[in-house]
$ cat protein-v7.pdb   # PDB, C-alpha atoms and all ligand atoms
ATOM      1  CA  MET A   2     106.832 -70.077 -58.549  1.00  0.00           C
ATOM      2  CA  LYS A   3     108.911 -66.921 -58.787  1.00  0.00           C
ATOM      3  CA  VAL A   4     111.495 -66.511 -56.030  1.00  0.00           C
ATOM      4  CA  SER A   5     113.610 -63.402 -55.408  1.00  0.00           C
ATOM      5  CA  ILE A   6     116.507 -63.632 -52.999  1.00  0.00           C
ATOM      6  CA  GLU A   7     119.216 -61.070 -52.346  1.00  0.00           C
ATOM      7  CA  ILE A   8     122.405 -63.094 -52.476  1.00  0.00           C
ATOM      8  CA  ASN A   9     125.644 -61.340 -51.517  1.00  0.00           C
ATOM      9  CA  GLY A  10     124.015 -57.990 -52.264  1.00  0.00           C
ATOM     10  CA  THR A  11     122.580 -58.906 -55.670  1.00  0.00           C
ATOM     11  CA  THR A  12     118.934 -59.850 -56.137  1.00  0.00           C
ATOM     12  CA  VAL A  13     118.446 -63.101 -58.013  1.00  0.00           C
ATOM     13  CA  SER A  14     114.889 -63.654 -59.306  1.00  0.00           C
ATOM     14  CA  GLU A  15     114.058 -66.963 -60.925  1.00  0.00           C
ATOM     15  CA  GLU A  16     111.109 -69.210 -61.647  1.00  0.00           C
ATOM     16  CA  VAL A  17     111.671 -72.463 -59.710  1.00  0.00           C
ATOM     17  CA  GLU A  18     109.723 -75.523 -58.641  1.00  0.00           C
ATOM     18  CA  ASP A  19     108.059 -75.200 -55.240  1.00  0.00           C
ATOM     19  CA  ARG A  20     110.285 -77.956 -53.822  1.00  0.00           C
ATOM     20  CA  THR A  21     113.572 -76.263 -54.820  1.00  0.00           C
ATOM     21  CA  LEU A  22     116.002 -76.145 -51.923  1.00  0.00           C
ATOM     22  CA  LEU A  23     117.893 -72.975 -51.081  1.00  0.00           C
ATOM     23  CA  VAL A  24     121.220 -74.739 -51.671  1.00  0.00           C
ATOM     24  CA  HIS A  25     120.171 -75.627 -55.210  1.00  0.00           C
ATOM     25  CA  PHE A  26     118.938 -72.077 -55.829  1.00  0.00           C
ATOM     26  CA  VAL A  27     122.298 -70.707 -54.656  1.00  0.00           C
ATOM     27  CA  ARG A  28     124.332 -73.145 -56.751  1.00  0.00           C
ATOM     28  CA  GLU A  29     122.206 -73.407 -59.886  1.00  0.00           C
ATOM     29  CA  GLN A  30     120.148 -70.217 -60.198  1.00  0.00           C
ATOM     30  CA  ALA A  31     122.768 -67.876 -58.702  1.00  0.00           C
ATOM     31  CA  GLY A  32     125.742 -69.878 -60.002  1.00  0.00           C
ATOM     32  CA  LEU A  33     127.570 -69.649 -56.655  1.00  0.00           C
ATOM     33  CA  THR A  34     129.191 -73.029 -56.156  1.00  0.00           C
ATOM     34  CA  ALA A  35     131.299 -72.474 -53.019  1.00  0.00           C
ATOM     35  CA  THR A  36     128.371 -73.783 -50.991  1.00  0.00           C
ATOM     36  CA  ASN A  37     128.720 -77.554 -51.040  1.00  0.00           C
ATOM     37  CA  ILE A  38     126.200 -80.363 -50.722  1.00  0.00           C
ATOM     38  CA  GLY A  39     127.539 -83.151 -48.551  1.00  0.00           C
ATOM     39  CA  CYS A  40     124.507 -85.070 -47.391  1.00  0.00           C
ATOM     40  CA  ASP A  41     121.207 -83.354 -48.283  1.00  0.00           C
ATOM     41  CA  THR A  42     119.850 -84.574 -44.938  1.00  0.00           C
ATOM     42  CA  THR A  43     120.807 -81.771 -42.504  1.00  0.00           C
ATOM     43  CA  SER A  44     123.693 -83.785 -41.109  1.00  0.00           C
ATOM     44  CA  CYS A  45     127.001 -82.381 -42.350  1.00  0.00           C
ATOM     45  CA  GLY A  46     126.807 -78.573 -42.487  1.00  0.00           C
ATOM     46  CA  ALA A  47     128.670 -78.319 -45.809  1.00  0.00           C
ATOM     47  CA  CYS A  48     125.783 -76.246 -47.165  1.00  0.00           C
ATOM     48  CA  THR A  49     125.777 -73.641 -44.353  1.00  0.00           C
ATOM     49  CA  VAL A  50     124.990 -70.065 -45.438  1.00  0.00           C
ATOM     50  CA  LEU A  51     123.750 -66.989 -43.609  1.00  0.00           C
ATOM     51  CA  LEU A  52     120.036 -66.214 -43.989  1.00  0.00           C
ATOM     52  CA  ASP A  53     119.358 -62.683 -42.757  1.00  0.00           C
ATOM     53  CA  GLY A  54     122.646 -62.991 -40.877  1.00  0.00           C
ATOM     54  CA  GLU A  55     121.865 -66.304 -39.133  1.00  0.00           C
ATOM     55  CA  SER A  56     123.574 -69.534 -40.141  1.00  0.00           C
ATOM     56  CA  VAL A  57     121.276 -72.127 -41.680  1.00  0.00           C
ATOM     57  CA  LYS A  58     121.833 -75.407 -43.455  1.00  0.00           C
ATOM     58  CA  SER A  59     120.636 -74.439 -46.893  1.00  0.00           C
ATOM     59  CA  CYS A  60     119.648 -78.035 -47.750  1.00  0.00           C
ATOM     60  CA  THR A  61     117.033 -77.687 -45.022  1.00  0.00           C
ATOM     61  CA  VAL A  62     115.466 -74.465 -46.292  1.00  0.00           C
ATOM     62  CA  LEU A  63     113.237 -74.148 -49.330  1.00  0.00           C
ATOM     63  CA  ALA A  64     114.146 -71.393 -51.756  1.00  0.00           C
ATOM     64  CA  ALA A  65     110.550 -70.206 -51.291  1.00  0.00           C
ATOM     65  CA  GLN A  66     111.197 -69.717 -47.560  1.00  0.00           C
ATOM     66  CA  ALA A  67     114.067 -67.384 -48.418  1.00  0.00           C
ATOM     67  CA  ASP A  68     111.950 -65.371 -50.874  1.00  0.00           C
ATOM     68  CA  GLY A  69     112.404 -61.671 -50.080  1.00  0.00           C
ATOM     69  CA  HIS A  70     115.243 -62.383 -47.657  1.00  0.00           C
ATOM     70  CA  SER A  71     118.971 -61.912 -47.772  1.00  0.00           C
ATOM     71  CA  VAL A  72     121.555 -64.689 -48.076  1.00  0.00           C
ATOM     72  CA  THR A  73     125.315 -64.528 -47.657  1.00  0.00           C
ATOM     73  CA  THR A  74     127.547 -67.266 -49.038  1.00  0.00           C
ATOM     74  CA  LEU A  75     131.292 -67.710 -48.824  1.00  0.00           C
ATOM     75  CA  GLU A  76     131.667 -65.702 -52.039  1.00  0.00           C
ATOM     76  CA  GLY A  77     130.095 -62.712 -50.290  1.00  0.00           C
ATOM     77  CA  LEU A  78     132.404 -62.621 -47.277  1.00  0.00           C
ATOM     78  CA  HIS A  79     135.397 -60.773 -48.683  1.00  0.00           C
ATOM     79  CA  GLY A  80     135.803 -57.018 -48.337  1.00  0.00           C
ATOM     80  CA  GLU A  81     135.286 -54.559 -51.192  1.00  0.00           C
ATOM     81  CA  ASP A  82     138.995 -54.637 -52.003  1.00  0.00           C
ATOM     82  CA  GLY A  83     138.906 -58.437 -52.285  1.00  0.00           C
ATOM     83  CA  ASP A  84     140.675 -58.994 -48.961  1.00  0.00           C
ATOM     84  CA  LEU A  85     139.920 -62.212 -47.146  1.00  0.00           C
ATOM     85  CA  HIS A  86     137.417 -62.042 -44.302  1.00  0.00           C
ATOM     86  CA  PRO A  87     139.189 -62.402 -40.905  1.00  0.00           C
ATOM     87  CA  VAL A  88     137.733 -65.901 -40.493  1.00  0.00           C
ATOM     88  CA  GLN A  89     138.957 -66.942 -43.959  1.00  0.00           C
ATOM     89  CA  ARG A  90     142.401 -65.532 -43.157  1.00  0.00           C
ATOM     90  CA  ALA A  91     142.479 -67.396 -39.837  1.00  0.00           C
ATOM     91  CA  PHE A  92     141.538 -70.717 -41.470  1.00  0.00           C
ATOM     92  CA  ARG A  93     144.426 -70.234 -43.871  1.00  0.00           C
ATOM     93  CA  GLU A  94     146.901 -69.221 -41.148  1.00  0.00           C
ATOM     94  CA  GLU A  95     145.963 -72.077 -38.822  1.00  0.00           C
ATOM     95  CA  HIS A  96     145.710 -74.742 -41.556  1.00  0.00           C
ATOM     96  CA  GLY A  97     142.067 -75.236 -40.639  1.00  0.00           C
ATOM     97  CA  LEU A  98     141.383 -77.254 -43.763  1.00  0.00           C
ATOM     98  CA  GLN A  99     142.693 -80.185 -45.721  1.00  0.00           C
ATOM     99  CA  CYS A 100     140.464 -81.333 -48.606  1.00  0.00           C
ATOM    100  CA  GLY A 101     138.403 -78.158 -48.160  1.00  0.00           C
ATOM    101  CA  PHE A 102     135.003 -79.711 -48.743  1.00  0.00           C
ATOM    102  CA  CYS A 103     133.613 -78.751 -45.333  1.00  0.00           C
ATOM    103  CA  THR A 104     135.394 -75.397 -45.307  1.00  0.00           C
ATOM    104  CA  PRO A 105     132.807 -73.038 -46.840  1.00  0.00           C
ATOM    105  CA  GLY A 106     130.155 -74.270 -44.414  1.00  0.00           C
ATOM    106  CA  MET A 107     132.615 -74.334 -41.540  1.00  0.00           C
ATOM    107  CA  ILE A 108     133.619 -70.724 -42.213  1.00  0.00           C
ATOM    108  CA  MET A 109     130.019 -69.512 -42.505  1.00  0.00           C
ATOM    109  CA  ALA A 110     129.117 -71.282 -39.245  1.00  0.00           C
ATOM    110  CA  SER A 111     132.191 -69.738 -37.589  1.00  0.00           C
ATOM    111  CA  VAL A 112     131.248 -66.253 -38.772  1.00  0.00           C
ATOM    112  CA  SER A 113     127.814 -66.709 -37.213  1.00  0.00           C
ATOM    113  CA  LEU A 114     129.285 -68.169 -34.019  1.00  0.00           C
ATOM    114  CA  LEU A 115     131.630 -65.189 -33.569  1.00  0.00           C
ATOM    115  CA  ASP A 116     128.806 -62.810 -34.325  1.00  0.00           C
ATOM    116  CA  HIS A 117     126.913 -64.194 -31.328  1.00  0.00           C
ATOM    117  CA  ASN A 118     129.957 -64.850 -29.132  1.00  0.00           C
ATOM    118  CA  PRO A 119     132.999 -62.747 -30.138  1.00  0.00           C
ATOM    119  CA  LYS A 120     135.331 -64.321 -27.522  1.00  0.00           C
ATOM    120  CA  PRO A 121     134.328 -67.975 -27.258  1.00  0.00           C
ATOM    121  CA  THR A 122     136.213 -70.590 -25.266  1.00  0.00           C
ATOM    122  CA  ARG A 123     137.589 -73.594 -27.160  1.00  0.00           C
ATOM    123  CA  GLN A 124     134.728 -75.636 -25.730  1.00  0.00           C
ATOM    124  CA  GLU A 125     132.196 -73.090 -26.944  1.00  0.00           C
ATOM    125  CA  VAL A 126     133.748 -73.217 -30.417  1.00  0.00           C
ATOM    126  CA  ARG A 127     133.479 -77.003 -30.467  1.00  0.00           C
ATOM    127  CA  ALA A 128     129.862 -76.828 -29.282  1.00  0.00           C
ATOM    128  CA  GLY A 129     129.021 -74.045 -31.726  1.00  0.00           C
ATOM    129  CA  LEU A 130     130.373 -75.981 -34.701  1.00  0.00           C
ATOM    130  CA  GLU A 131     128.997 -79.372 -33.733  1.00  0.00           C
ATOM    131  CA  GLY A 132     126.553 -79.304 -36.655  1.00  0.00           C
ATOM    132  CA  ASN A 133     129.442 -79.101 -39.120  1.00  0.00           C
ATOM    133  CA  LEU A 134     131.340 -82.296 -39.853  1.00  0.00           C
ATOM    134  CA  CYS A 135     134.909 -82.548 -41.093  1.00  0.00           C
ATOM    135  CA  ARG A 136     136.379 -85.871 -42.208  1.00  0.00           C
ATOM    136  CA  CYS A 137     139.965 -84.632 -42.444  1.00  0.00           C
ATOM    137  CA  THR A 138     141.267 -82.281 -39.795  1.00  0.00           C
ATOM    138  CA  GLY A 139     140.293 -83.763 -36.443  1.00  0.00           C
ATOM    139  CA  TYR A 140     138.863 -80.279 -35.701  1.00  0.00           C
ATOM    140  CA  HIS A 141     141.896 -79.076 -33.685  1.00  0.00           C
ATOM    141  CA  ASN A 142     143.086 -76.594 -36.307  1.00  0.00           C
ATOM    142  CA  ILE A 143     139.529 -75.498 -37.027  1.00  0.00           C
ATOM    143  CA  VAL A 144     139.132 -74.554 -33.361  1.00  0.00           C
ATOM    144  CA  ASN A 145     142.527 -72.817 -33.567  1.00  0.00           C
ATOM    145  CA  ALA A 146     141.309 -70.857 -36.582  1.00  0.00           C
ATOM    146  CA  VAL A 147     138.215 -69.611 -34.780  1.00  0.00           C
ATOM    147  CA  MET A 148     140.292 -68.683 -31.717  1.00  0.00           C
ATOM    148  CA  ASN A 149     142.712 -66.821 -34.004  1.00  0.00           C
ATOM    149  CA  ALA A 150     139.836 -65.012 -35.746  1.00  0.00           C
ATOM    150  CA  SER A 151     138.490 -63.955 -32.353  1.00  0.00           C
ATOM    151  CA  GLY A 152     141.862 -62.439 -31.433  1.00  0.00           C
ATOM    152  CA  GLN A 153     142.488 -64.940 -28.643  1.00  0.00           C
ATOM    153  CA  GLU A 154     145.475 -67.092 -27.852  1.00  0.00           C
ATOM    154  CA  VAL A 155     145.811 -70.202 -29.995  1.00  0.00           C
ATOM    155  CA  GLN A 156     146.781 -73.535 -28.416  1.00  0.00           C
ATOM    156  CA  ARG A 157     149.864 -75.024 -30.135  1.00  0.00           C
TER     157      ARG A 157
HETATM  158  S1  LIG A 201     124.348 -80.815 -47.334  1.00  0.00           S
HETATM  159 FE1  LIG A 201     123.192 -79.684 -45.925  1.00  0.00          FE
HETATM  160  S2  LIG A 201     123.718 -80.458 -43.996  1.00  0.00           S
HETATM  161 FE2  LIG A 201     124.813 -81.733 -45.398  1.00  0.00          FE
HETATM  162  S1  LIG A 202     138.871 -80.443 -44.662  1.00  0.00           S
HETATM  163 FE1  LIG A 202     138.131 -82.277 -45.623  1.00  0.00          FE
HETATM  164  S2  LIG A 202     136.145 -82.505 -44.775  1.00  0.00           S
HETATM  165 FE2  LIG A 202     136.996 -80.882 -43.645  1.00  0.00          FE
END
$ encode --input "protein-v7.pdb" --output "C-alpha cells" --more "lines below"
Ligand code: FES
Ligand code: FES
Amino acid sequence: MKVSIEINGTTVSEEVEDRTLLVHFVREQAGLTATNIGCDTTSCGACTVLLDGESVKSCTVLAAQADGHSVTTLEGLHGEDGDLHPVQRAFREEHGLQCGFCTPGMIMASVSLLDHNPKPTRQEVRAGLEGNLCRCTGYHNIVNAVMNASGQEVQR
C-alpha cells in the first residue's frame, strides 16, 4: 500500500507492506535513524515520536495508521537556525544521558510531557516518563533535565 506521512515538515510517500511499523517507516523509508528500536514490544520507549503532536511509541503504530498525519522525530526538533531545542539543551546541561540509546525517545516524551504540563513536579516528571526506560542514568539527571527545561529549580 502507498503511505504518505509528513515527517519533520517533509512529506514522505512510499509503497510499503501493510504490516510496516511506523518506526521502520521513519528509519528505513525516511532515513531518519535517531529514533531507536529497543524492544519492539511497547516496553522501552526508545522509539517515541510525536504523531500529530502527541507522543506515541512508533513500534506500536502501523505506518498505515499514520497515513496523512504528521510525525516529528528528534531530527525535527531543532530551530531553523539549527539551535538545540530547549529540552535537548537541558539534557546536555544536566548530563541526562550516558550511552544515549534511550535519549531520543526520552526527549520526545519530555517534549510532549511539557506540552501538557509546562511546570511539572519531579514526581509528575517521573510519572510522565514511566513508559521510557533507561538502563544507565538512574533517571535522576533525566528528571533534572526536564525540570531545567521547564525553567524550574533543579535538585542538586
Ligand atoms: S522499541 Fe518501541 S517501545 Fe521499545
Ligand atoms: S542513557 Fe543509556 S539507556 Fe539511557
$ atom_distance --input "protein-v7.pdb" --atom1 "CA of Val88 in chain A" --atom2 "CA of Thr49 in chain A"
14.8 Å
$ residues_near_ligand --input "protein-v7.pdb" --ligand "ligand LIG 201 (chain A)" --cutoff "9 Å" --atoms "all atoms listed in the file" --output "ChimeraX atom specification"
/A:24,36-49,57-61,106,132-134
$ write_last_selection --input "protein-v7.pdb" --atoms "C-alpha atoms" --output "PDB file, keeping the file's coordinate frame"
ATOM      1  CA  VAL A  24     121.220 -74.739 -51.671  1.00  0.00           C
ATOM      2  CA  THR A  36     128.371 -73.783 -50.991  1.00  0.00           C
ATOM      3  CA  ASN A  37     128.720 -77.554 -51.040  1.00  0.00           C
ATOM      4  CA  ILE A  38     126.200 -80.363 -50.722  1.00  0.00           C
ATOM      5  CA  GLY A  39     127.539 -83.151 -48.551  1.00  0.00           C
ATOM      6  CA  CYS A  40     124.507 -85.070 -47.391  1.00  0.00           C
ATOM      7  CA  ASP A  41     121.207 -83.354 -48.283  1.00  0.00           C
ATOM      8  CA  THR A  42     119.850 -84.574 -44.938  1.00  0.00           C
ATOM      9  CA  THR A  43     120.807 -81.771 -42.504  1.00  0.00           C
ATOM     10  CA  SER A  44     123.693 -83.785 -41.109  1.00  0.00           C
ATOM     11  CA  CYS A  45     127.001 -82.381 -42.350  1.00  0.00           C
ATOM     12  CA  GLY A  46     126.807 -78.573 -42.487  1.00  0.00           C
ATOM     13  CA  ALA A  47     128.670 -78.319 -45.809  1.00  0.00           C
ATOM     14  CA  CYS A  48     125.783 -76.246 -47.165  1.00  0.00           C
ATOM     15  CA  THR A  49     125.777 -73.641 -44.353  1.00  0.00           C
ATOM     16  CA  VAL A  57     121.276 -72.127 -41.680  1.00  0.00           C
ATOM     17  CA  LYS A  58     121.833 -75.407 -43.455  1.00  0.00           C
ATOM     18  CA  SER A  59     120.636 -74.439 -46.893  1.00  0.00           C
ATOM     19  CA  CYS A  60     119.648 -78.035 -47.750  1.00  0.00           C
ATOM     20  CA  THR A  61     117.033 -77.687 -45.022  1.00  0.00           C
ATOM     21  CA  GLY A 106     130.155 -74.270 -44.414  1.00  0.00           C
ATOM     22  CA  GLY A 132     126.553 -79.304 -36.655  1.00  0.00           C
ATOM     23  CA  ASN A 133     129.442 -79.101 -39.120  1.00  0.00           C
ATOM     24  CA  LEU A 134     131.340 -82.296 -39.853  1.00  0.00           C
TER      25      LEU A 134
END
$ resolve_selection --input "protein-v7.pdb" --expression "the PyMOL selection byres (((not hetatm)) within 8 of (chain A and resi 202))" --output "ChimeraX atom specification"
/A:97-104,134-138
$ residues_around --input "protein-v7.pdb" --residues "Phe92 in chain A" --least-positions-apart "6" --cutoff "9 Å" --atoms "only C-alpha atoms" --output "list in words"
Leu98, Thr104, Ile108, Asn142, Ile143, Asn145, Ala146, Val147, Asn149 and Ala150 of chain A
$ resolve_selection --input "protein-v7.pdb" --expression "the PyMOL selection byres (((chain A and resi 109) around 7) and not hetatm)" --output "VMD selection string"
chain A and resid 49 to 51 56 75 105 to 108 110 to 113
$ resolve_selection --input "protein-v7.pdb" --expression "the PyMOL selection byres (((chain A and resi 68-71) around 10) and not hetatm)" --output "PDB file with C-alpha atoms, keeping the file's coordinate frame"
ATOM      1  CA  LYS A   3     108.911 -66.921 -58.787  1.00  0.00           C
ATOM      2  CA  VAL A   4     111.495 -66.511 -56.030  1.00  0.00           C
ATOM      3  CA  SER A   5     113.610 -63.402 -55.408  1.00  0.00           C
ATOM      4  CA  ILE A   6     116.507 -63.632 -52.999  1.00  0.00           C
ATOM      5  CA  GLU A   7     119.216 -61.070 -52.346  1.00  0.00           C
ATOM      6  CA  ILE A   8     122.405 -63.094 -52.476  1.00  0.00           C
ATOM      7  CA  ASN A   9     125.644 -61.340 -51.517  1.00  0.00           C
ATOM      8  CA  GLY A  10     124.015 -57.990 -52.264  1.00  0.00           C
ATOM      9  CA  THR A  11     122.580 -58.906 -55.670  1.00  0.00           C
ATOM     10  CA  THR A  12     118.934 -59.850 -56.137  1.00  0.00           C
ATOM     11  CA  VAL A  13     118.446 -63.101 -58.013  1.00  0.00           C
ATOM     12  CA  SER A  14     114.889 -63.654 -59.306  1.00  0.00           C
ATOM     13  CA  LEU A  23     117.893 -72.975 -51.081  1.00  0.00           C
ATOM     14  CA  LEU A  51     123.750 -66.989 -43.609  1.00  0.00           C
ATOM     15  CA  LEU A  52     120.036 -66.214 -43.989  1.00  0.00           C
ATOM     16  CA  ASP A  53     119.358 -62.683 -42.757  1.00  0.00           C
ATOM     17  CA  GLY A  54     122.646 -62.991 -40.877  1.00  0.00           C
ATOM     18  CA  LEU A  63     113.237 -74.148 -49.330  1.00  0.00           C
ATOM     19  CA  ALA A  64     114.146 -71.393 -51.756  1.00  0.00           C
ATOM     20  CA  ALA A  65     110.550 -70.206 -51.291  1.00  0.00           C
ATOM     21  CA  GLN A  66     111.197 -69.717 -47.560  1.00  0.00           C
ATOM     22  CA  ALA A  67     114.067 -67.384 -48.418  1.00  0.00           C
ATOM     23  CA  VAL A  72     121.555 -64.689 -48.076  1.00  0.00           C
ATOM     24  CA  THR A  73     125.315 -64.528 -47.657  1.00  0.00           C
TER      25      THR A  73
END
$ axis_aligned_box --input "protein-v7.pdb" --around "range 144-156 of chain A" --padding-each-side "6 Å" --output "lines of an AutoDock Vina configuration file"
center_x = 142.5
center_y = -68.5
center_z = -32.2
size_x = 20.6
size_y = 24.1
size_z = 20.7
$ closest_residue --input "protein-v7.pdb" --among "A:Ala91, A:Ala128, A:Met2, A:Val62" --to "His25 in chain A" --atoms "only C-alpha atoms"
A:Val62
$ atom_distance --input "protein-v7.pdb" --atom1 "CA of Val144 in chain A" --atom2 "CA of Glu76 in chain A"
22.0 Å
$ atom_distance --input "protein-v7.pdb" --atom1 "CA of Glu15 in chain A" --atom2 "CA of Glu55 in chain A"
23.2 Å
$ closest_residue --input "protein-v7.pdb" --among "A:Thr21, A:Ser151, A:Gly77, A:Glu94" --to "Leu33 in chain A" --atoms "all atoms listed in the file"
A:Gly77
$ residues_around --input "protein-v7.pdb" --residues "Pro119 in chain A" --least-positions-apart "4" --cutoff "9 Å" --atoms "only C-alpha atoms" --output "JSON list (two decimals) with C-alpha atoms, in the coordinates of the input"
[["chain", "number", "residue", "atom", "x", "y", "z"],
["A", 114, "LEU", "CA", 129.28, -68.17, -34.02],
["A", 115, "LEU", "CA", 131.63, -65.19, -33.57],
["A", 151, "SER", "CA", 138.49, -63.96, -32.35],
["A", 152, "GLY", "CA", 141.86, -62.44, -31.43]]
$ build_atoms --input "protein-v7.pdb" --residues "range 94-112 of chain A" --atoms "N, CA, C and O atoms" --output "tab-separated table (two decimals), keeping the file's coordinate frame"
chain	number	residue	atom	x	y	z
A	94	GLU	N	145.73	-69.30	-42.03
A	94	GLU	CA	146.90	-69.22	-41.15
A	94	GLU	C	147.04	-70.43	-40.25
A	94	GLU	O	148.15	-70.88	-39.96
A	95	GLU	N	145.92	-70.97	-39.79
A	95	GLU	CA	145.96	-72.08	-38.82
A	95	GLU	C	145.83	-73.44	-39.50
A	95	GLU	O	145.70	-74.45	-38.82
A	96	HIS	N	145.86	-73.47	-40.81
A	96	HIS	CA	145.71	-74.74	-41.56
A	96	HIS	C	144.43	-75.45	-41.11
A	96	HIS	O	144.45	-76.64	-40.79
A	97	GLY	N	143.34	-74.70	-41.10
A	97	GLY	CA	142.07	-75.24	-40.64
A	97	GLY	C	141.33	-76.01	-41.71
A	97	GLY	O	140.10	-76.16	-41.62
A	98	LEU	N	142.03	-76.45	-42.72
A	98	LEU	CA	141.38	-77.25	-43.76
A	98	LEU	C	142.40	-78.19	-44.40
A	98	LEU	O	143.60	-77.95	-44.36
A	99	GLN	N	141.85	-79.26	-44.95
A	99	GLN	CA	142.69	-80.18	-45.72
A	99	GLN	C	142.07	-80.34	-47.11
A	99	GLN	O	142.44	-79.64	-48.03
A	100	CYS	N	141.06	-81.21	-47.26
A	100	CYS	CA	140.46	-81.33	-48.61
A	100	CYS	C	139.65	-80.10	-48.95
A	100	CYS	O	139.45	-79.79	-50.11
A	101	GLY	N	139.13	-79.40	-47.93
A	101	GLY	CA	138.40	-78.16	-48.16
A	101	GLY	C	136.91	-78.31	-48.39
A	101	GLY	O	136.21	-77.31	-48.53
A	102	PHE	N	136.42	-79.54	-48.41
A	102	PHE	CA	135.00	-79.71	-48.74
A	102	PHE	C	134.09	-79.11	-47.68
A	102	PHE	O	133.08	-78.49	-48.00
A	103	CYS	N	134.45	-79.28	-46.42
A	103	CYS	CA	133.61	-78.75	-45.33
A	103	CYS	C	133.82	-77.26	-45.12
A	103	CYS	O	133.05	-76.62	-44.40
A	104	THR	N	134.90	-76.72	-45.71
A	104	THR	CA	135.39	-75.40	-45.31
A	104	THR	C	134.42	-74.25	-45.54
A	104	THR	O	134.25	-73.41	-44.63
A	105	PRO	N	133.75	-74.15	-46.69
A	105	PRO	CA	132.81	-73.04	-46.84
A	105	PRO	C	131.74	-73.03	-45.74
A	105	PRO	O	131.45	-71.99	-45.15
A	106	GLY	N	131.17	-74.19	-45.47
A	106	GLY	CA	130.16	-74.27	-44.41
A	106	GLY	C	130.74	-74.00	-43.05
A	106	GLY	O	130.12	-73.34	-42.20
A	107	MET	N	131.95	-74.53	-42.82
A	107	MET	CA	132.62	-74.33	-41.54
A	107	MET	C	132.89	-72.83	-41.31
A	107	MET	O	132.71	-72.33	-40.19
A	108	ILE	N	133.32	-72.16	-42.34
A	108	ILE	CA	133.62	-70.72	-42.21
A	108	ILE	C	132.33	-69.94	-41.98
A	108	ILE	O	132.29	-69.04	-41.11
A	109	MET	N	131.27	-70.25	-42.70
A	109	MET	CA	130.02	-69.51	-42.50
A	109	MET	C	129.47	-69.75	-41.09
A	109	MET	O	128.99	-68.81	-40.44
A	110	ALA	N	129.57	-70.99	-40.61
A	110	ALA	CA	129.12	-71.28	-39.24
A	110	ALA	C	129.99	-70.55	-38.22
A	110	ALA	O	129.49	-70.07	-37.20
A	111	SER	N	131.29	-70.44	-38.51
A	111	SER	CA	132.19	-69.74	-37.59
A	111	SER	C	131.90	-68.24	-37.56
A	111	SER	O	131.96	-67.61	-36.49
A	112	VAL	N	131.60	-67.69	-38.72
A	112	VAL	CA	131.25	-66.25	-38.77
A	112	VAL	C	130.02	-66.00	-37.89
A	112	VAL	O	129.99	-65.05	-37.09
